[in-house]
Amino acid sequence: MFARIRRLLSQFFSKSRTINNEPLNKVSLIVIIIIDIFILINVFTGLDDISRWHISPTEAYPCYSEWQNYQKKTTKDKDYEIVRLSLSSESNNKFSFQQNYQQAEAGHLGKVSKTCLQYADYKDKINNPEKQQIVKNIDREQAKISRFEQANDTIKSQYDSTLLEKIAGQGREQSINQVSAEKAKQALEENNRQISTLKAEISTLKNELLTKPESISFLAFLKDNNRFQEVDKGYQQASFWYPSIQLAFQSLFLLPLILIALSVHKFAQRRGYGLVSLISWHLLVIFFIPLIVKIFEFLQIGAIFKFLFDIVSAIFGGLLFLINYVYILLIPVIGFGIIQFFQKFVFNAKVQAASRVQKSRCVNCAKKIRHLDTYCPHCGYYQYIECQNCHNLTYKHLSYCNHCGTSQDSSNL
């Protein structure tokens with residue numbers, strides 16, 4: 001197997017740097033490498049664009065993340081927080097929530113969830129100047145509380161140092177603090193009263209916001225578990241299939257390019273167009289590289305990975321590291337399959353030899369030779385092999401003897 005891999009790599013590099021078995025000069029090689037890099041960058045750019053042709057799970061279910069966070073929260077103010085997210089005070093916001101959700105459909109395949117569009121409609125009904133003003137008032141009161149708390153921290157630090165001065169027997173005239181302990185205590189009490197009043201006002205404003213008919217309807221919608229389960233199920237299914245959809249579109253982008261490059265390469269080889277054959281070979285390699293990369297990405301995050309992950313989870317519970325053993329066994333099998341494909345279809349010596357013999361070319365270097373030449377005058381390769389049946393000379397790498405028709409497979413190893 002290792003000998004076959006070495007032979008495969010040798011043929012690969014030989015085809016990549018020679019024209020009709022003649023090595024490229026350095027300038028031509030650099031030009032081809034620059035072209036390869038430019039085309040490879042554009043191929044990956046095209047793959048990135050086409051992979052986003054179908055809308056993602058996040059775009060198909062834009063309400064899922066926000067709704068899921070609301071379901072998980074256990075804080076007392078979670079209703080206020082979710083309603084507050086629906087209030088946009090930006091004057092330059094030209095689109096409603098529903099319009100923003102629907103923008104994902106423009107120029108893309110797929111549809112936004114109808115339940116999420118209903119979700120956006122409820123948010124749009126809440127988002128009006130009256131409720132925006134309530135939130136501004138709450139923010140203003142909260143800012144006042146922050147200022148009072150900051151003042152309290154300053155007073156407490158001065159109060160603590162004043163007490164230490166008293167304990168140390170330091171006189172008032174020597175104190176570094178301008179506020180006495182009694183005054184500090186009075187200021188703290190006054191500030192705490194102000195903070196309590198402001199918190200009561202904030203609580204009233206929050207209740208006012210949450211008791212609006214639009215807020216009540218929105219919260220009732222959010223607390224409908226059946227609707228959330230519907231969105232959750234749809235999102236999970238979309239997440240499961242999205243990598244497969246991306247790979248399908250990426251393959252749709254690459255396969256025509258691969259087929260065209262392969263056809264041009266075979267045509268150029270048949271006609272002896274060395275430069276066209278070299279360029280088309282480079283294009284073929286370039287188009288295969290992203291396809292192989294995307295297939296490996298798919299195996300890591302796609303439906304196959306999730307399927308294997310679920311099986312391992314069900315059988316072995318927490319022993320999820322066993323999925324790595326599956327990949328350790330799977331990747332070499334895939335690599336062996338790729339090698340076999342290239343060996344059989346791309347670097348098949350019998351196919352190449354049959355075409356070259358018909359055109360009176362060397363079975364090794366493909367250069368023109370005379371019909372009776374035993375050795376190639378260009379590369380020195382011996383063209384014949386003795387038939388095991390009739391012992392006449394027949395062409396190397398061809399399946400049958402041209403004298404008696406006996407299979408030569410065992411002698412062409």
# chains A, B, ... in the order shown; residues from 1 in each chain; ligands from 1

$ select_by_dssp --residues "segment 40-231 of chain A" --states "alpha helix (DSSP H)" --output "number ranges by chain"
A: 40-51, 57-60, 64-72, 78-84, 97-102, 114-126, 129-167, 181-210, 213-222, 225-231

$ residues_around --residues "Leu85 of chain A" --least-positions-apart "4" --cutoff "12 Å" --atoms "only C-alpha atoms" --output "list in words"
Cys63, Glu66, Trp67, Tyr70, Lys78, Asp79, Tyr80, Glu81, Ser89, Phe97, Ala120, Tyr122, Lys123, Asp124, Ile126, Asn127, Lys131, Gln132, Val135 and Ser215 of chain A

$ atom_distance --atom1 "atom CA of Ser157 of chain A" --atom2 "atom CA of Ser196 of chain A"
21.5 Å

$ residues_around --residues "Gly405 of chain A" --least-positions-apart "6" --cutoff "12 Å" --atoms "only C-alpha atoms" --output "list of chain:residue names"
A:Cys387, A:Gln388, A:Asn389, A:Cys390, A:His391, A:Asn392, A:Thr394, A:Tyr395, A:Leu398, A:Ser399

$ closest_residue --among "A:Phe253, A:Ile195, A:Ile30, A:Asn128" --to "Arg84 of chain A" --atoms "only C-alpha atoms"
A:Asn128

$ closest_residue --among "A:Ile138, A:Cys401, A:Ile37, A:Leu117" --to "Ile202 of chain A" --atoms "only C-alpha atoms"
A:Ile138

$ residues_around --residues "segment 47-59 of chain A" --least-positions-apart "4" --cutoff "6 Å" --atoms "only C-alpha atoms" --output "PDB file with N, CA, C and O atoms, in the first residue's frame"
ATOM      1  N   HIS A 108     -32.585  34.716  -0.832  1.00  0.00           N
ATOM      2  CA  HIS A 108     -32.168  33.450  -0.248  1.00  0.00           C
ATOM      3  C   HIS A 108     -33.299  32.428  -0.349  1.00  0.00           C
ATOM      4  O   HIS A 108     -34.462  32.782  -0.511  1.00  0.00           O
ATOM      5  N   LEU A 109     -32.907  31.167  -0.242  1.00  0.00           N
ATOM      6  CA  LEU A 109     -33.891  30.094  -0.200  1.00  0.00           C
ATOM      7  C   LEU A 109     -34.312  29.855   1.245  1.00  0.00           C
ATOM      8  O   LEU A 109     -33.524  30.038   2.166  1.00  0.00           O
ATOM      9  N   GLY A 110     -35.563  29.412   1.418  1.00  0.00           N
ATOM     10  CA  GLY A 110     -36.052  29.143   2.763  1.00  0.00           C
ATOM     11  C   GLY A 110     -36.992  30.232   3.249  1.00  0.00           C
ATOM     12  O   GLY A 110     -37.016  31.345   2.705  1.00  0.00           O
ATOM     13  N   TYR A 235     -36.279  24.554  15.058  1.00  0.00           N
ATOM     14  CA  TYR A 235     -34.891  25.035  15.093  1.00  0.00           C
ATOM     15  C   TYR A 235     -33.903  23.872  15.159  1.00  0.00           C
ATOM     16  O   TYR A 235     -32.873  23.887  14.474  1.00  0.00           O
ATOM     17  N   ALA A 238     -33.760  22.206  11.768  1.00  0.00           N
ATOM     18  CA  ALA A 238     -33.015  23.051  10.821  1.00  0.00           C
ATOM     19  C   ALA A 238     -31.517  22.985  11.098  1.00  0.00           C
ATOM     20  O   ALA A 238     -30.703  22.920  10.174  1.00  0.00           O
ATOM     21  N   SER A 239     -31.139  22.971  12.383  1.00  0.00           N
ATOM     22  CA  SER A 239     -29.724  22.886  12.747  1.00  0.00           C
ATOM     23  C   SER A 239     -29.133  21.539  12.337  1.00  0.00           C
ATOM     24  O   SER A 239     -27.958  21.456  11.962  1.00  0.00           O
ATOM     25  N   GLN A 246     -25.782  22.856   3.201  1.00  0.00           N
ATOM     26  CA  GLN A 246     -24.601  23.620   2.781  1.00  0.00           C
ATOM     27  C   GLN A 246     -23.682  22.773   1.902  1.00  0.00           C
ATOM     28  O   GLN A 246     -23.208  23.249   0.858  1.00  0.00           O
ATOM     29  N   GLN A 250     -22.571  23.461  -1.922  1.00  0.00           N
ATOM     30  CA  GLN A 250     -21.150  23.571  -2.239  1.00  0.00           C
ATOM     31  C   GLN A 250     -20.735  22.540  -3.288  1.00  0.00           C
ATOM     32  O   GLN A 250     -19.934  22.850  -4.176  1.00  0.00           O
TER      33      GLN A 250
END

$ residues_around --residues "Lys396 of chain A" --least-positions-apart "3" --cutoff "9 Å" --atoms "only C-alpha atoms" --output "ChimeraX atom specification"
/A:350,353,363,382-386,399,408,411-412

$ write_last_selection --atoms "N, CA and C atoms" --output "PDB file, in the first residue's frame"
ATOM      1  N   LYS A 350      -3.190   1.579 -17.577  1.00  0.00           N
ATOM      2  CA  LYS A 350      -3.734   0.832 -18.720  1.00  0.00           C
ATOM      3  C   LYS A 350      -4.502   1.752 -19.664  1.00  0.00           C
ATOM      4  N   ALA A 353      -1.942   3.914 -21.427  1.00  0.00           N
ATOM      5  CA  ALA A 353      -1.152   3.140 -22.396  1.00  0.00           C
ATOM      6  C   ALA A 353      -1.954   2.828 -23.647  1.00  0.00           C
ATOM      7  N   VAL A 363       4.580   4.621 -24.164  1.00  0.00           N
ATOM      8  CA  VAL A 363       3.601   4.310 -23.121  1.00  0.00           C
ATOM      9  C   VAL A 363       3.990   4.938 -21.785  1.00  0.00           C
ATOM     10  N   TYR A 382      11.454   0.845 -22.054  1.00  0.00           N
ATOM     11  CA  TYR A 382      11.220  -0.354 -22.864  1.00  0.00           C
ATOM     12  C   TYR A 382       9.716  -0.539 -23.042  1.00  0.00           C
ATOM     13  N   GLN A 383       9.272  -0.658 -24.308  1.00  0.00           N
ATOM     14  CA  GLN A 383       7.853  -0.586 -24.606  1.00  0.00           C
ATOM     15  C   GLN A 383       7.119  -1.931 -24.489  1.00  0.00           C
ATOM     16  N   TYR A 384       7.837  -3.031 -24.452  1.00  0.00           N
ATOM     17  CA  TYR A 384       7.189  -4.334 -24.597  1.00  0.00           C
ATOM     18  C   TYR A 384       7.423  -5.223 -23.373  1.00  0.00           C
ATOM     19  N   ILE A 385       6.644  -6.305 -23.345  1.00  0.00           N
ATOM     20  CA  ILE A 385       6.790  -7.336 -22.331  1.00  0.00           C
ATOM     21  C   ILE A 385       6.491  -8.677 -22.987  1.00  0.00           C
ATOM     22  N   GLU A 386       7.096  -9.727 -22.501  1.00  0.00           N
ATOM     23  CA  GLU A 386       6.887 -11.050 -23.101  1.00  0.00           C
ATOM     24  C   GLU A 386       5.567 -11.650 -22.619  1.00  0.00           C
ATOM     25  N   SER A 399      -4.117  -4.880 -21.527  1.00  0.00           N
ATOM     26  CA  SER A 399      -4.737  -6.005 -20.830  1.00  0.00           C
ATOM     27  C   SER A 399      -4.534  -7.346 -21.543  1.00  0.00           C
ATOM     28  N   GLN A 408      -2.998 -10.276 -19.848  1.00  0.00           N
ATOM     29  CA  GLN A 408      -1.652  -9.966 -19.394  1.00  0.00           C
ATOM     30  C   GLN A 408      -1.641  -9.327 -17.998  1.00  0.00           C
ATOM     31  N   SER A 411       1.146 -10.270 -15.608  1.00  0.00           N
ATOM     32  CA  SER A 411       2.515  -9.972 -16.061  1.00  0.00           C
ATOM     33  C   SER A 411       2.799  -8.495 -16.093  1.00  0.00           C
ATOM     34  N   ASN A 412       1.768  -7.663 -15.929  1.00  0.00           N
ATOM     35  CA  ASN A 412       1.967  -6.217 -16.012  1.00  0.00           C
ATOM     36  C   ASN A 412       2.108  -5.558 -14.655  1.00  0.00           C
TER      37      ASN A 412
END

$ residues_around --residues "Lys114 of chain A" --least-positions-apart "6" --cutoff "12 Å" --atoms "only C-alpha atoms" --output "number ranges by chain"
A: 60-63, 98, 101-102, 120-121, 227, 230-231, 234

$ atom_distance --atom1 "atom CA of Lys199 of chain A" --atom2 "atom CA of Ser146 of chain A"
11.2 Å

$ residues_around --residues "Phe228 of chain A" --least-positions-apart "6" --cutoff "10 Å" --atoms "only C-alpha atoms" --output "JSON, numbers by chain"
{"A": [63, 64, 67, 68, 71, 115, 116, 221, 222, 234]}

$ write_last_selection --atoms "N, CA, C and O atoms" --output "PDB file, in the first residue's frame"
ATOM      1  N   CYS A  63     -36.489  34.267  16.492  1.00  0.00           N
ATOM      2  CA  CYS A  63     -37.015  34.496  17.840  1.00  0.00           C
ATOM      3  C   CYS A  63     -36.534  33.431  18.823  1.00  0.00           C
ATOM      4  O   CYS A  63     -36.770  33.547  20.038  1.00  0.00           O
ATOM      5  N   TYR A  64     -35.885  32.381  18.327  1.00  0.00           N
ATOM      6  CA  TYR A  64     -35.605  31.219  19.173  1.00  0.00           C
ATOM      7  C   TYR A  64     -34.687  31.565  20.351  1.00  0.00           C
ATOM      8  O   TYR A  64     -34.979  31.214  21.499  1.00  0.00           O
ATOM      9  N   TRP A  67     -36.388  33.813  22.949  1.00  0.00           N
ATOM     10  CA  TRP A  67     -37.478  33.086  23.593  1.00  0.00           C
ATOM     11  C   TRP A  67     -36.925  32.011  24.528  1.00  0.00           C
ATOM     12  O   TRP A  67     -37.424  31.803  25.639  1.00  0.00           O
ATOM     13  N   GLN A  68     -35.882  31.321  24.093  1.00  0.00           N
ATOM     14  CA  GLN A  68     -35.269  30.277  24.917  1.00  0.00           C
ATOM     15  C   GLN A  68     -34.690  30.873  26.200  1.00  0.00           C
ATOM     16  O   GLN A  68     -34.839  30.304  27.294  1.00  0.00           O
ATOM     17  N   GLN A  71     -37.438  31.503  28.599  1.00  0.00           N
ATOM     18  CA  GLN A  71     -37.925  30.268  29.216  1.00  0.00           C
ATOM     19  C   GLN A  71     -36.999  29.789  30.330  1.00  0.00           C
ATOM     20  O   GLN A  71     -37.452  29.245  31.342  1.00  0.00           O
ATOM     21  N   THR A 115     -44.387  31.343  13.290  1.00  0.00           N
ATOM     22  CA  THR A 115     -44.517  31.629  14.721  1.00  0.00           C
ATOM     23  C   THR A 115     -43.601  32.779  15.116  1.00  0.00           C
ATOM     24  O   THR A 115     -43.987  33.645  15.919  1.00  0.00           O
ATOM     25  N   CYS A 116     -42.381  32.814  14.555  1.00  0.00           N
ATOM     26  CA  CYS A 116     -41.467  33.919  14.849  1.00  0.00           C
ATOM     27  C   CYS A 116     -41.972  35.234  14.263  1.00  0.00           C
ATOM     28  O   CYS A 116     -41.739  36.301  14.844  1.00  0.00           O
ATOM     29  N   PHE A 221     -48.403  35.055  24.962  1.00  0.00           N
ATOM     30  CA  PHE A 221     -47.851  34.333  23.816  1.00  0.00           C
ATOM     31  C   PHE A 221     -46.544  33.632  24.205  1.00  0.00           C
ATOM     32  O   PHE A 221     -46.302  32.474  23.839  1.00  0.00           O
ATOM     33  N   LEU A 222     -45.678  34.337  24.953  1.00  0.00           N
ATOM     34  CA  LEU A 222     -44.401  33.772  25.364  1.00  0.00           C
ATOM     35  C   LEU A 222     -44.579  32.570  26.293  1.00  0.00           C
ATOM     36  O   LEU A 222     -43.775  31.636  26.271  1.00  0.00           O
ATOM     37  N   GLY A 234     -38.541  22.936  15.398  1.00  0.00           N
ATOM     38  CA  GLY A 234     -38.164  23.405  14.060  1.00  0.00           C
ATOM     39  C   GLY A 234     -36.716  23.860  14.006  1.00  0.00           C
ATOM     40  O   GLY A 234     -35.993  23.576  13.041  1.00  0.00           O
TER      41      GLY A 234
END

$ closest_residue --among "A:Arg271, A:Lys206, A:Arg193, A:Lys156" --to "Lys136 of chain A" --atoms "only C-alpha atoms"
A:Lys206

$ closest_residue --among "A:Ser280, A:Gln103, A:Cys404, A:Gln269" --to "Arg361 of chain A" --atoms "only C-alpha atoms"
A:Gln269

$ atom_distance --atom1 "atom CA of Ala354 of chain A" --atom2 "atom CA of Phe288 of chain A"
26.4 Å

$ decode --residues "segment 44-78 of chain A" --atoms "N, CA and C atoms" --output "PDB file, in the first residue's frame"
ATOM      1  N   PHE A  44     -13.027  29.397  -2.884  1.00  0.00           N
ATOM      2  CA  PHE A  44     -13.486  29.422  -1.494  1.00  0.00           C
ATOM      3  C   PHE A  44     -14.477  30.571  -1.258  1.00  0.00           C
ATOM      4  N   THR A  45     -14.267  31.704  -1.940  1.00  0.00           N
ATOM      5  CA  THR A  45     -15.218  32.813  -1.829  1.00  0.00           C
ATOM      6  C   THR A  45     -16.577  32.413  -2.388  1.00  0.00           C
ATOM      7  N   GLY A  46     -16.554  31.758  -3.551  1.00  0.00           N
ATOM      8  CA  GLY A  46     -17.804  31.280  -4.137  1.00  0.00           C
ATOM      9  C   GLY A  46     -18.498  30.256  -3.263  1.00  0.00           C
ATOM     10  N   LEU A  47     -17.711  29.373  -2.641  1.00  0.00           N
ATOM     11  CA  LEU A  47     -18.287  28.370  -1.737  1.00  0.00           C
ATOM     12  C   LEU A  47     -18.941  29.030  -0.534  1.00  0.00           C
ATOM     13  N   ASP A  48     -18.281  30.074  -0.010  1.00  0.00           N
ATOM     14  CA  ASP A  48     -18.851  30.783   1.139  1.00  0.00           C
ATOM     15  C   ASP A  48     -20.167  31.457   0.760  1.00  0.00           C
ATOM     16  N   ASP A  49     -20.203  32.044  -0.434  1.00  0.00           N
ATOM     17  CA  ASP A  49     -21.432  32.718  -0.884  1.00  0.00           C
ATOM     18  C   ASP A  49     -22.573  31.718  -1.096  1.00  0.00           C
ATOM     19  N   ILE A  50     -22.277  30.615  -1.765  1.00  0.00           N
ATOM     20  CA  ILE A  50     -23.353  29.661  -2.073  1.00  0.00           C
ATOM     21  C   ILE A  50     -23.804  28.912  -0.818  1.00  0.00           C
ATOM     22  N   SER A  51     -22.902  28.770   0.180  1.00  0.00           N
ATOM     23  CA  SER A  51     -23.294  28.083   1.418  1.00  0.00           C
ATOM     24  C   SER A  51     -24.297  28.910   2.208  1.00  0.00           C
ATOM     25  N   ARG A  52     -24.344  30.231   1.955  1.00  0.00           N
ATOM     26  CA  ARG A  52     -25.311  31.097   2.639  1.00  0.00           C
ATOM     27  C   ARG A  52     -26.539  31.379   1.787  1.00  0.00           C
ATOM     28  N   TRP A  53     -26.673  30.637   0.678  1.00  0.00           N
ATOM     29  CA  TRP A  53     -27.838  30.829  -0.195  1.00  0.00           C
ATOM     30  C   TRP A  53     -29.120  30.416   0.533  1.00  0.00           C
ATOM     31  N   HIS A  54     -29.044  29.319   1.255  1.00  0.00           N
ATOM     32  CA  HIS A  54     -30.193  28.899   2.058  1.00  0.00           C
ATOM     33  C   HIS A  54     -30.083  29.546   3.435  1.00  0.00           C
ATOM     34  N   ILE A  55     -31.193  30.083   3.946  1.00  0.00           N
ATOM     35  CA  ILE A  55     -31.137  30.793   5.225  1.00  0.00           C
ATOM     36  C   ILE A  55     -30.749  29.825   6.346  1.00  0.00           C
ATOM     37  N   SER A  56     -29.999  30.344   7.301  1.00  0.00           N
ATOM     38  CA  SER A  56     -29.506  29.534   8.413  1.00  0.00           C
ATOM     39  C   SER A  56     -30.622  29.298   9.431  1.00  0.00           C
ATOM     40  N   PRO A  57     -30.425  28.351  10.357  1.00  0.00           N
ATOM     41  CA  PRO A  57     -31.432  28.125  11.407  1.00  0.00           C
ATOM     42  C   PRO A  57     -31.717  29.386  12.218  1.00  0.00           C
ATOM     43  N   THR A  58     -30.679  30.186  12.468  1.00  0.00           N
ATOM     44  CA  THR A  58     -30.871  31.428  13.238  1.00  0.00           C
ATOM     45  C   THR A  58     -31.735  32.414  12.463  1.00  0.00           C
ATOM     46  N   GLU A  59     -31.576  32.444  11.136  1.00  0.00           N
ATOM     47  CA  GLU A  59     -32.387  33.343  10.312  1.00  0.00           C
ATOM     48  C   GLU A  59     -33.797  32.801  10.121  1.00  0.00           C
ATOM     49  N   ALA A  60     -33.938  31.493  10.063  1.00  0.00           N
ATOM     50  CA  ALA A  60     -35.261  30.886   9.904  1.00  0.00           C
ATOM     51  C   ALA A  60     -36.070  30.973  11.191  1.00  0.00           C
ATOM     52  N   TYR A  61     -35.393  30.961  12.332  1.00  0.00           N
ATOM     53  CA  TYR A  61     -36.063  31.046  13.643  1.00  0.00           C
ATOM     54  C   TYR A  61     -35.395  32.154  14.462  1.00  0.00           C
ATOM     55  N   PRO A  62     -35.559  33.415  14.035  1.00  0.00           N
ATOM     56  CA  PRO A  62     -34.853  34.522  14.704  1.00  0.00           C
ATOM     57  C   PRO A  62     -35.322  34.788  16.128  1.00  0.00           C
ATOM     58  N   CYS A  63     -36.489  34.267  16.492  1.00  0.00           N
ATOM     59  CA  CYS A  63     -37.015  34.496  17.840  1.00  0.00           C
ATOM     60  C   CYS A  63     -36.534  33.431  18.823  1.00  0.00           C
ATOM     61  N   TYR A  64     -35.885  32.381  18.327  1.00  0.00           N
ATOM     62  CA  TYR A  64     -35.605  31.219  19.173  1.00  0.00           C
ATOM     63  C   TYR A  64     -34.687  31.565  20.351  1.00  0.00           C
ATOM     64  N   SER A  65     -33.575  32.219  20.084  1.00  0.00           N
ATOM     65  CA  SER A  65     -32.594  32.501  21.133  1.00  0.00           C
ATOM     66  C   SER A  65     -33.202  33.350  22.242  1.00  0.00           C
ATOM     67  N   GLU A  66     -33.900  34.422  21.858  1.00  0.00           N
ATOM     68  CA  GLU A  66     -34.517  35.326  22.828  1.00  0.00           C
ATOM     69  C   GLU A  66     -35.592  34.607  23.644  1.00  0.00           C
ATOM     70  N   TRP A  67     -36.388  33.813  22.949  1.00  0.00           N
ATOM     71  CA  TRP A  67     -37.478  33.086  23.593  1.00  0.00           C
ATOM     72  C   TRP A  67     -36.925  32.011  24.528  1.00  0.00           C
ATOM     73  N   GLN A  68     -35.882  31.321  24.093  1.00  0.00           N
ATOM     74  CA  GLN A  68     -35.269  30.277  24.917  1.00  0.00           C
ATOM     75  C   GLN A  68     -34.690  30.873  26.200  1.00  0.00           C
ATOM     76  N   ASN A  69     -34.024  32.028  26.081  1.00  0.00           N
ATOM     77  CA  ASN A  69     -33.474  32.691  27.274  1.00  0.00           C
ATOM     78  C   ASN A  69     -34.585  33.062  28.250  1.00  0.00           C
ATOM     79  N   TYR A  70     -35.715  33.526  27.723  1.00  0.00           N
ATOM     80  CA  TYR A  70     -36.853  33.868  28.586  1.00  0.00           C
ATOM     81  C   TYR A  70     -37.362  32.629  29.318  1.00  0.00           C
ATOM     82  N   GLN A  71     -37.438  31.503  28.599  1.00  0.00           N
ATOM     83  CA  GLN A  71     -37.925  30.268  29.216  1.00  0.00           C
ATOM     84  C   GLN A  71     -36.999  29.789  30.330  1.00  0.00           C
ATOM     85  N   LYS A  72     -35.713  30.001  30.175  1.00  0.00           N
ATOM     86  CA  LYS A  72     -34.743  29.501  31.153  1.00  0.00           C
ATOM     87  C   LYS A  72     -34.592  30.413  32.366  1.00  0.00           C
ATOM     88  N   LYS A  73     -34.888  31.688  32.199  1.00  0.00           N
ATOM     89  CA  LYS A  73     -34.672  32.641  33.289  1.00  0.00           C
ATOM     90  C   LYS A  73     -35.618  32.375  34.460  1.00  0.00           C
ATOM     91  N   THR A  74     -35.111  32.612  35.655  1.00  0.00           N
ATOM     92  CA  THR A  74     -35.929  32.455  36.867  1.00  0.00           C
ATOM     93  C   THR A  74     -35.965  33.749  37.684  1.00  0.00           C
ATOM     94  N   THR A  75     -35.408  34.832  37.134  1.00  0.00           N
ATOM     95  CA  THR A  75     -35.379  36.102  37.863  1.00  0.00           C
ATOM     96  C   THR A  75     -36.766  36.728  37.921  1.00  0.00           C
ATOM     97  N   LYS A  76     -36.953  37.589  38.924  1.00  0.00           N
ATOM     98  CA  LYS A  76     -38.262  38.207  39.150  1.00  0.00           C
ATOM     99  C   LYS A  76     -38.628  39.169  38.029  1.00  0.00           C
ATOM    100  N   ASP A  77     -37.628  39.834  37.445  1.00  0.00           N
ATOM    101  CA  ASP A  77     -37.888  40.860  36.428  1.00  0.00           C
ATOM    102  C   ASP A  77     -37.814  40.333  35.003  1.00  0.00           C
ATOM    103  N   LYS A  78     -37.924  39.017  34.791  1.00  0.00           N
ATOM    104  CA  LYS A  78     -37.748  38.494  33.433  1.00  0.00           C
ATOM    105  C   LYS A  78     -38.839  38.988  32.484  1.00  0.00           C
TER     106      LYS A  78
END
